[in-house]
There are 2 protein chains.
Amino acid sequence: MQKKTKKKTTPKGKGEPTDKLVGFGTNVLTQINKMENPDIKLPIRALSNIYFDEKHKLIRLGDKISHRTYLNVAHTRKFMQTLLVASECKKIINQNVTTSIRDLYYALKHTIPGTNENTFEDQSESDPILEDLEAALNTLREALHLQADRKGYVAGPIMINDSGDRIDCSKMGSSGWAIPSNVEPEIIKFEKCTADFVLVVEKDAVWQRLNEDKFWRKQNCLILTGKGQPARGTRRLINRFHKELKLPVYVLTDADPWGYYIYSVIKQGSINLSFLSDRLGTPSAKFIGLTAQDVEKYGITKNVTIKLNQGDIKRTNEMLKYVWFKPKEWQKELRHMLEKGYKLELEALSSKGIKFISEKYLPEKISKKEFLP
Amino acid sequence: MQKKTKKKTTPKGKGEPTDKLVGFGTNVLTQINKMENPDIKLPIRALSNIYFDEKHKLIRLGDKISHRTYLNVAHTRKFMQTLLVASECKKIINQNVTTSIRDLYYALKHTIPGTNENTFEDQSESDPILEDLEAALNTLREALHLQADRKGYVAGPIMINDSGDRIDCSKMGSSGWAIPSNVEPEIIKFEKCTADFVLVVEKDAVWQRLNEDKFWRKQNCLILTGKGQPARGTRRLINRFHKELKLPVYVLTDADPWGYYIYSVIKQGSINLSFLSDRLGTPSAKFIGLTAQDVEKYGITKNVTIKLNQGDIKRTNEMLKYVWFKPKEWQKELRHMLEKGYKLELEALSSKGIKFISEKYLPEKISKKEFLP
């Protein structure tokens, strides 16, 4: 993907995804012409085929393959659906339009002539077919001109070029630049960036606080929020900020199992989208906070901590066993959390004053490089 | 609020909300000085005090008042909380910072010295107190420097000035201008707008489709999405677009009870925030679609319609009785929906082709002025 940033635009209907779709279709056609039972090869997207790549520190999809063949009654319907989705993707790429996965479902849903069978009954049938296709072609749905859900904002010294419009993220007022669903280099180009790092913030309210204090100007950084678990586009953008602009990535979440999980997904990808980890994960990301240990370090009063519930305790015990939480700093933090029996939210820092987070907590952690790995 | 657009900026710690907060506090203090039982008057925010203002076509709060007094054990805790929230609001206005309602809760939560009592146990205690205060002072939380949740995007020929940054909404690429939580005239100014109307779209995916087709350029309009039920800031922005820029407002939702409800909230406000209807509602808004009647009008195939469930049927029957759905066009539509037994989503139009919505459906409805009232 790196190379593509140098291209100006991908010519209409050409380029990597179209080639892959054509190859995919040609392969099926060749088998039919040879009077063979058409067979589509799909990577198995189940836990049995997932592993943690220690070298690159990413959750990866293994090389186990399943076969989807036409002349197998258990496969026929899905085989037909896979070809329909692939052909619709090729059509929308050729038309140079983008659409949503819901539109894709509606565009393909019809009754097969001469039968009472619908091609798709529900979007829950077309969504996994699309993921199969992404995995089979080793491509992103965004490259297939399909929008994923979008949320998240960026502010700071970077000039973005989005389809010809130049957007200065240091002049976006109180709202910031809204991260679009497709941030691939064909659409989103980085024209100029003078930031020293990216601060990824779990919560939009905290992002707004930092933006109002012009934290990004004082610390010369980009501030980015994914509004909870970041959408695919946001994770891809963090990945591109790091890979292409060489920006260190620091992640700020609540001190709770959910916050730590968000961090881990940003860092090494997710099991569900393991086939995209190298495009969505940022293994060198660091965790800046919050930690349960911050309560003592910063003298945060106990009445703004929250008691761990049964679910939190179970989850934390599971996380203690994950390979990617094995570093001793994480083991210490997770054990400390269990021992103290509390978690806390970013807003708890407000009990120390509204500007505490932007004027003391973050600057101190950054200057001392006090990160968890 | 209209007048304020002419002011450059509100001086730090001055202006309407501060005056109101000072008045509120002075009133309590005066009573204490007179050795009276301090008494706060609050409008009753319950269904018993809600009515539909036929003249202005808005859901309104009546004039029934409740009293919250200090020397009443059933009121003492809430009385204390109300003063805490009011005083924190004054403090953050004076500091000229903005914060979230969650931060407000954390900033105020503490153990009362010499007791085991916390000022607040949970955010569910501080949120309604804030709404009480908004209603009592007849002001918006945004004016009290508190962020509400934000979502929604705008594209089209308008130049926005957000705290000094000029944002050209016709040059915001694929993502649009993100609507901030506070769109009050002190923060968000409309510098130049050449649009003829505003199209409000329920779904972001549909907005993205329209933005990609540059629908706003072809129709010379603003396109806005609230991503489902619009947040307060988005409803306030629609209200300001109409009041200050005199733009007609057309609303596009799914043809289902939820879509019709979204429309009704944009148009006449909600029961919950009835004390803000004149700032959040836009009574002259028109409904452009989708309707269940469109299925026949545009020859949409039945297999992309969705069967009404029991909840839909119950809800539609309730809506038939609402004053604001009394116009005969709405009665006809709701009865038609019940009769046919189906609803449909905006994406169903994709079964007629991906550009059907932007190139045929909407232009035709707009040119023929085919709206529901």
# chains A, B, ... in the order shown; residues from 1 in each chain; ligands from 1

call {"tool": "interface_residues", "arguments": {"of": "chain A", "to": "chain B", "cutoff": "7 Å", "atoms": "only C-alpha atoms", "output": "PyMOL selection string"}}
result
chain A and resi 98-100+102-103+106-107+110+162-163+165+167+171-175+177-180+205+209+303-304+347-348+350-351

call {"tool": "residues_around", "arguments": {"residues": "A:His75", "least_positions_apart": "4", "cutoff": "12 Å", "atoms": "only C-alpha atoms", "output": "list of chain:residue names"}}
result
A:Asn37, A:Pro38, A:Asp39, A:Ile40, A:Ser66, A:His67, A:Arg68, A:Thr69, A:Tyr70, A:Leu71, A:Phe79, A:Met80, A:Gln81, A:Thr82

call {"tool": "write_last_selection", "arguments": {"atoms": "C-alpha atoms", "output": "PDB file, in the first residue's frame"}}
result
ATOM      1  CA  ASN A  37     -16.926 -28.434 -10.119  1.00  0.00           C
ATOM      2  CA  PRO A  38     -16.180 -24.717  -9.488  1.00  0.00           C
ATOM      3  CA  ASP A  39     -14.264 -24.276  -6.262  1.00  0.00           C
ATOM      4  CA  ILE A  40     -13.517 -21.041  -4.348  1.00  0.00           C
ATOM      5  CA  SER A  66     -11.565 -24.009   3.229  1.00  0.00           C
ATOM      6  CA  HIS A  67     -13.230 -24.841  -0.064  1.00  0.00           C
ATOM      7  CA  ARG A  68     -16.606 -23.567  -1.218  1.00  0.00           C
ATOM      8  CA  THR A  69     -17.819 -25.588  -4.191  1.00  0.00           C
ATOM      9  CA  TYR A  70     -20.868 -25.137  -6.348  1.00  0.00           C
ATOM     10  CA  LEU A  71     -21.891 -28.811  -6.627  1.00  0.00           C
ATOM     11  CA  PHE A  79     -21.255 -20.018  -3.555  1.00  0.00           C
ATOM     12  CA  MET A  80     -23.912 -18.111  -5.487  1.00  0.00           C
ATOM     13  CA  GLN A  81     -23.869 -15.309  -2.895  1.00  0.00           C
ATOM     14  CA  THR A  82     -20.069 -15.007  -3.045  1.00  0.00           C
TER      15      THR A  82
END

call {"tool": "select_by_dssp", "arguments": {"residues": "stretch 33-231 of chain B", "states": "alpha helix (DSSP H)", "output": "PDB file with C-alpha atoms, in the first residue's frame"}}
result
ATOM      1  CA  ASN B  33     -30.234  36.127  54.966  1.00  0.00           C
ATOM      2  CA  VAL B  73     -35.664  16.033  54.192  1.00  0.00           C
ATOM      3  CA  ALA B  74     -37.126  14.701  50.946  1.00  0.00           C
ATOM      4  CA  HIS B  75     -35.553  17.667  49.102  1.00  0.00           C
ATOM      5  CA  THR B  76     -32.345  18.436  51.013  1.00  0.00           C
ATOM      6  CA  ARG B  77     -30.033  16.181  48.997  1.00  0.00           C
ATOM      7  CA  LYS B  78     -31.334  17.411  45.633  1.00  0.00           C
ATOM      8  CA  PHE B  79     -31.269  21.010  46.878  1.00  0.00           C
ATOM      9  CA  MET B  80     -27.592  20.644  47.753  1.00  0.00           C
ATOM     10  CA  GLN B  81     -26.913  18.989  44.390  1.00  0.00           C
ATOM     11  CA  THR B  82     -28.695  21.746  42.473  1.00  0.00           C
ATOM     12  CA  LEU B  83     -26.548  24.414  44.112  1.00  0.00           C
ATOM     13  CA  LEU B  84     -23.384  22.379  43.484  1.00  0.00           C
ATOM     14  CA  VAL B  85     -24.186  22.005  39.784  1.00  0.00           C
ATOM     15  CA  ALA B  86     -25.092  25.695  39.432  1.00  0.00           C
ATOM     16  CA  SER B  87     -21.905  26.788  41.166  1.00  0.00           C
ATOM     17  CA  GLU B  88     -19.721  24.467  39.056  1.00  0.00           C
ATOM     18  CA  CYS B  89     -21.345  25.843  35.897  1.00  0.00           C
ATOM     19  CA  LYS B  90     -20.535  29.371  36.998  1.00  0.00           C
ATOM     20  CA  LYS B  91     -16.962  28.301  37.737  1.00  0.00           C
ATOM     21  CA  ILE B  92     -16.351  26.749  34.310  1.00  0.00           C
ATOM     22  CA  ILE B  93     -17.948  29.726  32.558  1.00  0.00           C
ATOM     23  CA  ASN B  94     -15.638  32.032  34.521  1.00  0.00           C
ATOM     24  CA  ILE B 101     -21.589  16.213  31.825  1.00  0.00           C
ATOM     25  CA  ARG B 102     -19.504  13.219  32.910  1.00  0.00           C
ATOM     26  CA  ASP B 103     -16.640  15.529  33.937  1.00  0.00           C
ATOM     27  CA  LEU B 104     -19.148  17.693  35.784  1.00  0.00           C
ATOM     28  CA  TYR B 105     -20.215  14.651  37.784  1.00  0.00           C
ATOM     29  CA  TYR B 106     -16.624  13.691  38.604  1.00  0.00           C
ATOM     30  CA  ALA B 107     -15.628  17.257  39.446  1.00  0.00           C
ATOM     31  CA  LEU B 108     -18.482  17.488  41.956  1.00  0.00           C
ATOM     32  CA  GLN B 123     -24.026  10.335  37.028  1.00  0.00           C
ATOM     33  CA  SER B 124     -27.708   9.431  36.894  1.00  0.00           C
ATOM     34  CA  GLU B 125     -28.046  11.772  39.874  1.00  0.00           C
ATOM     35  CA  SER B 126     -26.280  14.760  38.298  1.00  0.00           C
ATOM     36  CA  ASP B 127     -27.791  14.562  34.788  1.00  0.00           C
ATOM     37  CA  PRO B 128     -31.418  15.300  35.784  1.00  0.00           C
ATOM     38  CA  ILE B 129     -30.240  18.068  38.128  1.00  0.00           C
ATOM     39  CA  LEU B 130     -28.603  19.715  35.139  1.00  0.00           C
ATOM     40  CA  GLU B 131     -31.826  19.428  33.122  1.00  0.00           C
ATOM     41  CA  ASP B 132     -33.681  20.994  36.070  1.00  0.00           C
ATOM     42  CA  LEU B 133     -31.229  23.866  35.979  1.00  0.00           C
ATOM     43  CA  GLU B 134     -31.545  24.308  32.209  1.00  0.00           C
ATOM     44  CA  ALA B 135     -35.331  24.450  32.564  1.00  0.00           C
ATOM     45  CA  ALA B 136     -35.224  26.744  35.608  1.00  0.00           C
ATOM     46  CA  LEU B 137     -32.867  29.220  33.939  1.00  0.00           C
ATOM     47  CA  ASP B 204     -24.955   8.618   7.360  1.00  0.00           C
ATOM     48  CA  ALA B 205     -24.513   5.971   4.633  1.00  0.00           C
ATOM     49  CA  VAL B 206     -27.126   7.767   2.520  1.00  0.00           C
ATOM     50  CA  TRP B 207     -25.482  11.124   3.287  1.00  0.00           C
ATOM     51  CA  GLN B 208     -22.165   9.715   2.066  1.00  0.00           C
ATOM     52  CA  ARG B 209     -23.851   8.512  -1.114  1.00  0.00           C
ATOM     53  CA  LEU B 210     -25.321  11.997  -1.720  1.00  0.00           C
ATOM     54  CA  ASN B 211     -22.019  13.673  -0.885  1.00  0.00           C
ATOM     55  CA  GLU B 212     -20.124  11.439  -3.285  1.00  0.00           C
ATOM     56  CA  PHE B 215     -25.910  16.227  -4.719  1.00  0.00           C
ATOM     57  CA  TRP B 216     -25.490  19.480  -2.794  1.00  0.00           C
ATOM     58  CA  ARG B 217     -23.790  21.080  -5.787  1.00  0.00           C
ATOM     59  CA  LYS B 218     -26.374  19.902  -8.319  1.00  0.00           C
TER      60      LYS B 218
END

call {"tool": "closest_residue", "arguments": {"among": "A:Pro113, A:Pro257, A:Gly341, A:Gly269", "to": "A:Leu320", "atoms": "only C-alpha atoms"}}
result
A:Pro257

call {"tool": "select_by_dssp", "arguments": {"residues": "stretch 231-299 of chain B", "states": "strand (DSSP E or B)", "output": "ChimeraX atom specification"}}
result
/B:249-252,255,286-289

call {"tool": "write_last_selection", "arguments": {"atoms": "C-alpha atoms", "output": "CSV table (one decimal), in the first residue's frame"}}
result
chain,number,residue,atom,x,y,z
B,249,VAL,CA,-35.8,22.2,5.7
B,250,TYR,CA,-36.6,18.9,4.1
B,251,VAL,CA,-36.2,15.7,6.1
B,252,LEU,CA,-35.4,12.3,4.6
B,255,ALA,CA,-40.4,4.8,5.9
B,286,LYS,CA,-41.2,19.2,5.6
B,287,PHE,CA,-41.0,15.5,5.1
B,288,ILE,CA,-39.6,14.5,1.7
B,289,GLY,CA,-39.7,10.7,2.2

call {"tool": "residues_around", "arguments": {"residues": "A:Leu47", "least_positions_apart": "2", "cutoff": "9 Å", "atoms": "only C-alpha atoms", "output": "list in words"}}
result
Ile44, Arg45, Asn49, Ile50, Tyr51, Leu61, Ile271 and Asn272 of chain A

call {"tool": "closest_residue", "arguments": {"among": "B:Val198, B:Leu372, B:Ile357, B:Cys193", "to": "B:Lys328", "atoms": "only C-alpha atoms"}}
result
B:Leu372

call {"tool": "atom_distance", "arguments": {"atom1": "atom CA of A:Leu334", "atom2": "atom CA of A:Thr291"}}
result
9.0 Å
